[in-house]
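A.B. asks: Let me begin by handing over the structure; questions about it come next.
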Amino acid sequence: MADIAQLKSVSSQVRRDIVRMVHANNSGHPGGSLGCVEYFVALYFEILNHNPSDFDMDGFDEDIFFLSNGHISPVWYSTLAHSGYFEKAELATFRKLNSRLQGHPATEEGLEGIRIASGSLGQGLSVGIGTAMTKKLNGEDSLVYTLHGDGELQEGQIWEAAMYAGANKINNICAILDNNKMQNETYTRSTLDIYPIKEKWLAFNWNVHEINGHSYNQIKNAFSKFNKSKNKPTLIISNTIKGKGISFMENDPSWHSKKINKDNFERAFKETQI
């Protein structure tokens, strides 16, 4: 178990990796990646029961995580490397030809820690529910976690999955919503208004907790509530700042997918120092 100071230290390193990776390849999704750092670090360094040194695609008797909004792969790759799934030096191959670290996570090259290809939005919750049901059939106590962008709630498959999980009381799955209120290079409301979020999921028979997605105490408390709740699936609405940690990227939708030039890289790198 890591203390808050350790989690913050890893978070700073992950943010620097994100900036490095997107800058080096002149492409990627920095905004959403930076906004989810605290969640990923808390999940992999404190919450998940997992075995980075002996990765198994089946994940039997381990907790499993699925990234549904796969375009924020830089934060996931960095977290996986720092938690021991593969060497951190491999991060330098992000989006390069023949790299295992593609723009959207893929399974073809056998990258440790990745169990499904993702990025076709709306599919992650269905995959997570199927895995959670499998764990129940296997008699496992292990848990399943999924992460989604708020814009994903515009996908019909999300609501079919949410309705199914709630109706069947699939209580070993915890979905987390990155609620930064932005999608692509604009705002979620201006694309298709998805609010009110909490009331909708409550109506679908889910437990719902709303938190500051950059507070380790609130993140850990929400996961603790999930572990203690055995009657319904759980949604954590994580209110985040897109581009968190880099002053000129924060709350600016243009940084959804944008290359980081030399001047921006030097400024961002300084701001991510511990």
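Ordering of the structure tokens sets the chain letters (A, B, ...), residue numbers begin anew at 1 in every chain, and ligands are numbered from 1 in the order given.
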Neighbours of Gln13 in chain A within 8 Å (only C-alpha atoms; same-chain residues fewer than 4 positions away dropped), as a list in words?
C.D. replies: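 The neighbour list is Ser9, Asp17, Thr272 and Gln273 of chain A.
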A.B. asks: Need to verify the contact set: range 86-95 of chain A, 9 Å, only C-alpha atoms, exclusion of same-chain residues closer than 2 positions in sequence. Can you return it as a PDB file with N, CA and C atoms, in the first residue's frame?
C.D. replies:
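Contents of around06.pdb, freshly written:
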ATOM      1  N   ASP A  17       5.860  11.568 -18.279  1.00  0.00           N
ATOM      2  CA  ASP A  17       5.873  10.574 -19.354  1.00  0.00           C
ATOM      3  C   ASP A  17       4.869  10.933 -20.444  1.00  0.00           C
ATOM      4  N   ARG A  20       6.251  13.718 -22.508  1.00  0.00           N
ATOM      5  CA  ARG A  20       7.360  13.208 -23.327  1.00  0.00           C
ATOM      6  C   ARG A  20       6.832  12.424 -24.533  1.00  0.00           C
ATOM      7  N   MET A  21       5.918  11.499 -24.267  1.00  0.00           N
ATOM      8  CA  MET A  21       5.443  10.593 -25.306  1.00  0.00           C
ATOM      9  C   MET A  21       4.726  11.337 -26.429  1.00  0.00           C
ATOM     10  N   VAL A  22       3.838  12.249 -26.060  1.00  0.00           N
ATOM     11  CA  VAL A  22       3.076  12.984 -27.076  1.00  0.00           C
ATOM     12  C   VAL A  22       3.993  13.929 -27.846  1.00  0.00           C
ATOM     13  N   ALA A  24       7.294  13.591 -28.362  1.00  0.00           N
ATOM     14  CA  ALA A  24       8.262  12.858 -29.185  1.00  0.00           C
ATOM     15  C   ALA A  24       7.651  12.367 -30.487  1.00  0.00           C
ATOM     16  N   ASN A  25       6.363  12.078 -30.476  1.00  0.00           N
ATOM     17  CA  ASN A  25       5.740  11.528 -31.668  1.00  0.00           C
ATOM     18  C   ASN A  25       4.845  12.528 -32.396  1.00  0.00           C
ATOM     19  N   SER A  27       2.000  13.470 -31.771  1.00  0.00           N
ATOM     20  CA  SER A  27       0.597  13.064 -31.828  1.00  0.00           C
ATOM     21  C   SER A  27       0.236  12.339 -30.537  1.00  0.00           C
ATOM     22  N   GLY A  28      -1.049  12.306 -30.261  1.00  0.00           N
ATOM     23  CA  GLY A  28      -1.533  11.659 -29.046  1.00  0.00           C
ATOM     24  C   GLY A  28      -2.624  12.480 -28.397  1.00  0.00           C
ATOM     25  N   PRO A  52       1.747  -7.856 -11.627  1.00  0.00           N
ATOM     26  CA  PRO A  52       2.459  -7.367 -12.813  1.00  0.00           C
ATOM     27  C   PRO A  52       3.593  -8.277 -13.271  1.00  0.00           C
ATOM     28  N   SER A  53       4.219  -9.001 -12.352  1.00  0.00           N
ATOM     29  CA  SER A  53       5.386  -9.819 -12.710  1.00  0.00           C
ATOM     30  C   SER A  53       5.004 -11.125 -13.391  1.00  0.00           C
ATOM     31  N   PRO A  74      -1.694   7.059 -23.338  1.00  0.00           N
ATOM     32  CA  PRO A  74      -0.425   7.427 -22.693  1.00  0.00           C
ATOM     33  C   PRO A  74      -0.429   7.278 -21.172  1.00  0.00           C
ATOM     34  N   TYR A  77      -0.269   3.443 -20.411  1.00  0.00           N
ATOM     35  CA  TYR A  77       1.045   2.860 -20.678  1.00  0.00           C
ATOM     36  C   TYR A  77       2.052   3.245 -19.595  1.00  0.00           C
ATOM     37  N   SER A  78       2.059   4.523 -19.243  1.00  0.00           N
ATOM     38  CA  SER A  78       3.005   4.972 -18.230  1.00  0.00           C
ATOM     39  C   SER A  78       2.746   4.291 -16.888  1.00  0.00           C
ATOM     40  N   LEU A  80       1.264   1.415 -16.331  1.00  0.00           N
ATOM     41  CA  LEU A  80       1.641  -0.001 -16.430  1.00  0.00           C
ATOM     42  C   LEU A  80       3.151  -0.172 -16.296  1.00  0.00           C
ATOM     43  N   ALA A  81       3.908   0.693 -16.956  1.00  0.00           N
ATOM     44  CA  ALA A  81       5.368   0.591 -16.893  1.00  0.00           C
ATOM     45  C   ALA A  81       5.871   0.847 -15.473  1.00  0.00           C
ATOM     46  N   HIS A  82       5.340   1.879 -14.824  1.00  0.00           N
ATOM     47  CA  HIS A  82       5.799   2.203 -13.478  1.00  0.00           C
ATOM     48  C   HIS A  82       5.380   1.151 -12.451  1.00  0.00           C
ATOM     49  N   SER A  83       4.323   0.422 -12.742  1.00  0.00           N
ATOM     50  CA  SER A  83       3.908  -0.616 -11.783  1.00  0.00           C
ATOM     51  C   SER A  83       4.494  -1.982 -12.117  1.00  0.00           C
ATOM     52  N   GLY A  84       5.354  -2.061 -13.151  1.00  0.00           N
ATOM     53  CA  GLY A  84       6.146  -3.263 -13.360  1.00  0.00           C
ATOM     54  C   GLY A  84       5.693  -4.204 -14.452  1.00  0.00           C
ATOM     55  N   LEU A  97       6.315   2.970 -35.520  1.00  0.00           N
ATOM     56  CA  LEU A  97       6.050   1.831 -36.376  1.00  0.00           C
ATOM     57  C   LEU A  97       6.503   0.545 -35.682  1.00  0.00           C
ATOM     58  N   ASN A  98       5.630  -0.443 -35.653  1.00  0.00           N
ATOM     59  CA  ASN A  98       5.878  -1.764 -35.052  1.00  0.00           C
ATOM     60  C   ASN A  98       5.980  -1.731 -33.523  1.00  0.00           C
ATOM     61  N   SER A  99       5.644  -0.619 -32.908  1.00  0.00           N
ATOM     62  CA  SER A  99       5.653  -0.550 -31.446  1.00  0.00           C
ATOM     63  C   SER A  99       4.470  -1.325 -30.871  1.00  0.00           C
ATOM     64  N   ARG A 100       4.659  -1.833 -29.652  1.00  0.00           N
ATOM     65  CA  ARG A 100       3.528  -2.453 -28.936  1.00  0.00           C
ATOM     66  C   ARG A 100       2.632  -1.382 -28.333  1.00  0.00           C
ATOM     67  N   LEU A 101       3.117  -0.140 -28.269  1.00  0.00           N
ATOM     68  CA  LEU A 101       2.379   0.958 -27.639  1.00  0.00           C
ATOM     69  C   LEU A 101       1.725   1.816 -28.712  1.00  0.00           C
ATOM     70  N   GLN A 102       0.644   1.300 -29.269  1.00  0.00           N
ATOM     71  CA  GLN A 102      -0.061   2.018 -30.317  1.00  0.00           C
ATOM     72  C   GLN A 102      -0.925   3.140 -29.730  1.00  0.00           C
ATOM     73  N   GLY A 103      -1.441   4.003 -30.615  1.00  0.00           N
ATOM     74  CA  GLY A 103      -2.254   5.122 -30.152  1.00  0.00           C
ATOM     75  C   GLY A 103      -3.468   4.668 -29.367  1.00  0.00           C
ATOM     76  N   HIS A 104      -4.085   3.581 -29.801  1.00  0.00           N
ATOM     77  CA  HIS A 104      -5.144   2.930 -29.044  1.00  0.00           C
ATOM     78  C   HIS A 104      -4.623   1.564 -28.609  1.00  0.00           C
ATOM     79  N   LEU A 111       1.187  -6.975 -25.420  1.00  0.00           N
ATOM     80  CA  LEU A 111       1.628  -6.008 -24.410  1.00  0.00           C
ATOM     81  C   LEU A 111       1.046  -6.379 -23.053  1.00  0.00           C
ATOM     82  N   GLU A 112       1.921  -6.579 -22.085  1.00  0.00           N
ATOM     83  CA  GLU A 112       1.490  -6.986 -20.758  1.00  0.00           C
ATOM     84  C   GLU A 112       0.575  -5.931 -20.134  1.00  0.00           C
ATOM     85  N   GLY A 113      -0.509  -6.385 -19.539  1.00  0.00           N
ATOM     86  CA  GLY A 113      -1.450  -5.494 -18.877  1.00  0.00           C
ATOM     87  C   GLY A 113      -2.664  -5.156 -19.719  1.00  0.00           C
TER      88      GLY A 113
END
A.B. asks: Hey, which of A:Ile72, A:Tyr85, A:Thr186, A:Ser224 ends up closest to Asp54 in chain A? Count only C-alpha atoms.
C.D. replies: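 Looking only at the distances to Asp54 in chain A, the closest residue turns out to be A:Tyr85.
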A.B. asks: Can you list, as a PyMOL selection string, every protein, DNA or RNA residue that comes within 12 Å of Ala132 in chain A when you count only C-alpha atoms, leaving out same-chain residues fewer than 5 positions away?
C.D. replies: chain A and resi 59-66+125-127+137-146+165+168-175+233
A.B. asks: Those selected residues, please, written with C-alpha atoms and delivered as a PDB file, in the first residue's frame.
C.D. replies:
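Contents of result25.pdb, freshly written:
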ATOM      1  CA  GLY A  59      -6.699 -12.780 -14.941  1.00  0.00           C
ATOM      2  CA  PHE A  60      -7.999 -15.617 -12.797  1.00  0.00           C
ATOM      3  CA  ASP A  61      -8.162 -14.649  -9.111  1.00  0.00           C
ATOM      4  CA  GLU A  62      -6.984 -11.127  -9.995  1.00  0.00           C
ATOM      5  CA  ASP A  63      -8.838  -7.857 -10.276  1.00  0.00           C
ATOM      6  CA  ILE A  64      -9.128  -6.708 -13.889  1.00  0.00           C
ATOM      7  CA  PHE A  65      -9.225  -3.242 -15.430  1.00  0.00           C
ATOM      8  CA  PHE A  66     -10.560  -2.283 -18.865  1.00  0.00           C
ATOM      9  CA  LEU A 125     -18.736  -1.542 -19.986  1.00  0.00           C
ATOM     10  CA  SER A 126     -20.156  -4.534 -21.858  1.00  0.00           C
ATOM     11  CA  VAL A 127     -16.757  -6.233 -21.758  1.00  0.00           C
ATOM     12  CA  LEU A 137     -19.385 -18.268 -12.411  1.00  0.00           C
ATOM     13  CA  ASN A 138     -15.792 -19.215 -11.517  1.00  0.00           C
ATOM     14  CA  GLY A 139     -16.466 -18.594  -7.829  1.00  0.00           C
ATOM     15  CA  GLU A 140     -13.925 -15.761  -7.681  1.00  0.00           C
ATOM     16  CA  ASP A 141     -14.032 -12.837  -5.268  1.00  0.00           C
ATOM     17  CA  SER A 142     -12.072 -10.682  -7.716  1.00  0.00           C
ATOM     18  CA  LEU A 143     -13.397  -7.357  -8.976  1.00  0.00           C
ATOM     19  CA  VAL A 144     -13.651  -5.632 -12.343  1.00  0.00           C
ATOM     20  CA  TYR A 145     -13.011  -1.930 -12.996  1.00  0.00           C
ATOM     21  CA  THR A 146     -13.727   0.079 -16.151  1.00  0.00           C
ATOM     22  CA  ALA A 165     -25.933  -4.808 -14.849  1.00  0.00           C
ATOM     23  CA  ASN A 168     -29.062  -8.351 -12.582  1.00  0.00           C
ATOM     24  CA  LYS A 169     -27.300  -6.829  -9.555  1.00  0.00           C
ATOM     25  CA  ILE A 170     -23.820  -7.450 -10.949  1.00  0.00           C
ATOM     26  CA  ASN A 171     -22.142  -6.126  -7.838  1.00  0.00           C
ATOM     27  CA  ASN A 172     -18.503  -6.947  -8.613  1.00  0.00           C
ATOM     28  CA  ILE A 173     -18.055  -4.237 -11.240  1.00  0.00           C
ATOM     29  CA  CYS A 174     -17.098  -0.610 -10.645  1.00  0.00           C
ATOM     30  CA  ALA A 175     -17.323   1.793 -13.586  1.00  0.00           C
ATOM     31  CA  PRO A 233     -22.967  -2.337  -9.473  1.00  0.00           C
TER      32      PRO A 233
END
A.B. asks: Considering only C-alpha atoms, can you say which of A:Ser254, A:Thr188, A:Phe265, A:Ile47 comes closest to Ala222 in chain A?
C.D. replies: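 Ranking A:Ser254, A:Thr188, A:Phe265, A:Ile47 by distance to Ala222 in chain A, first place goes to A:Ile47.
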A.B. asks: Between A:Thr134, A:Asp252, A:Ser33, A:Asn26, which is the closest to Gly149 in chain A once you count only C-alpha atoms?
C.D. replies: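 Checking each candidate against Gly149 in chain A, we get A:Ser33 as the closest.
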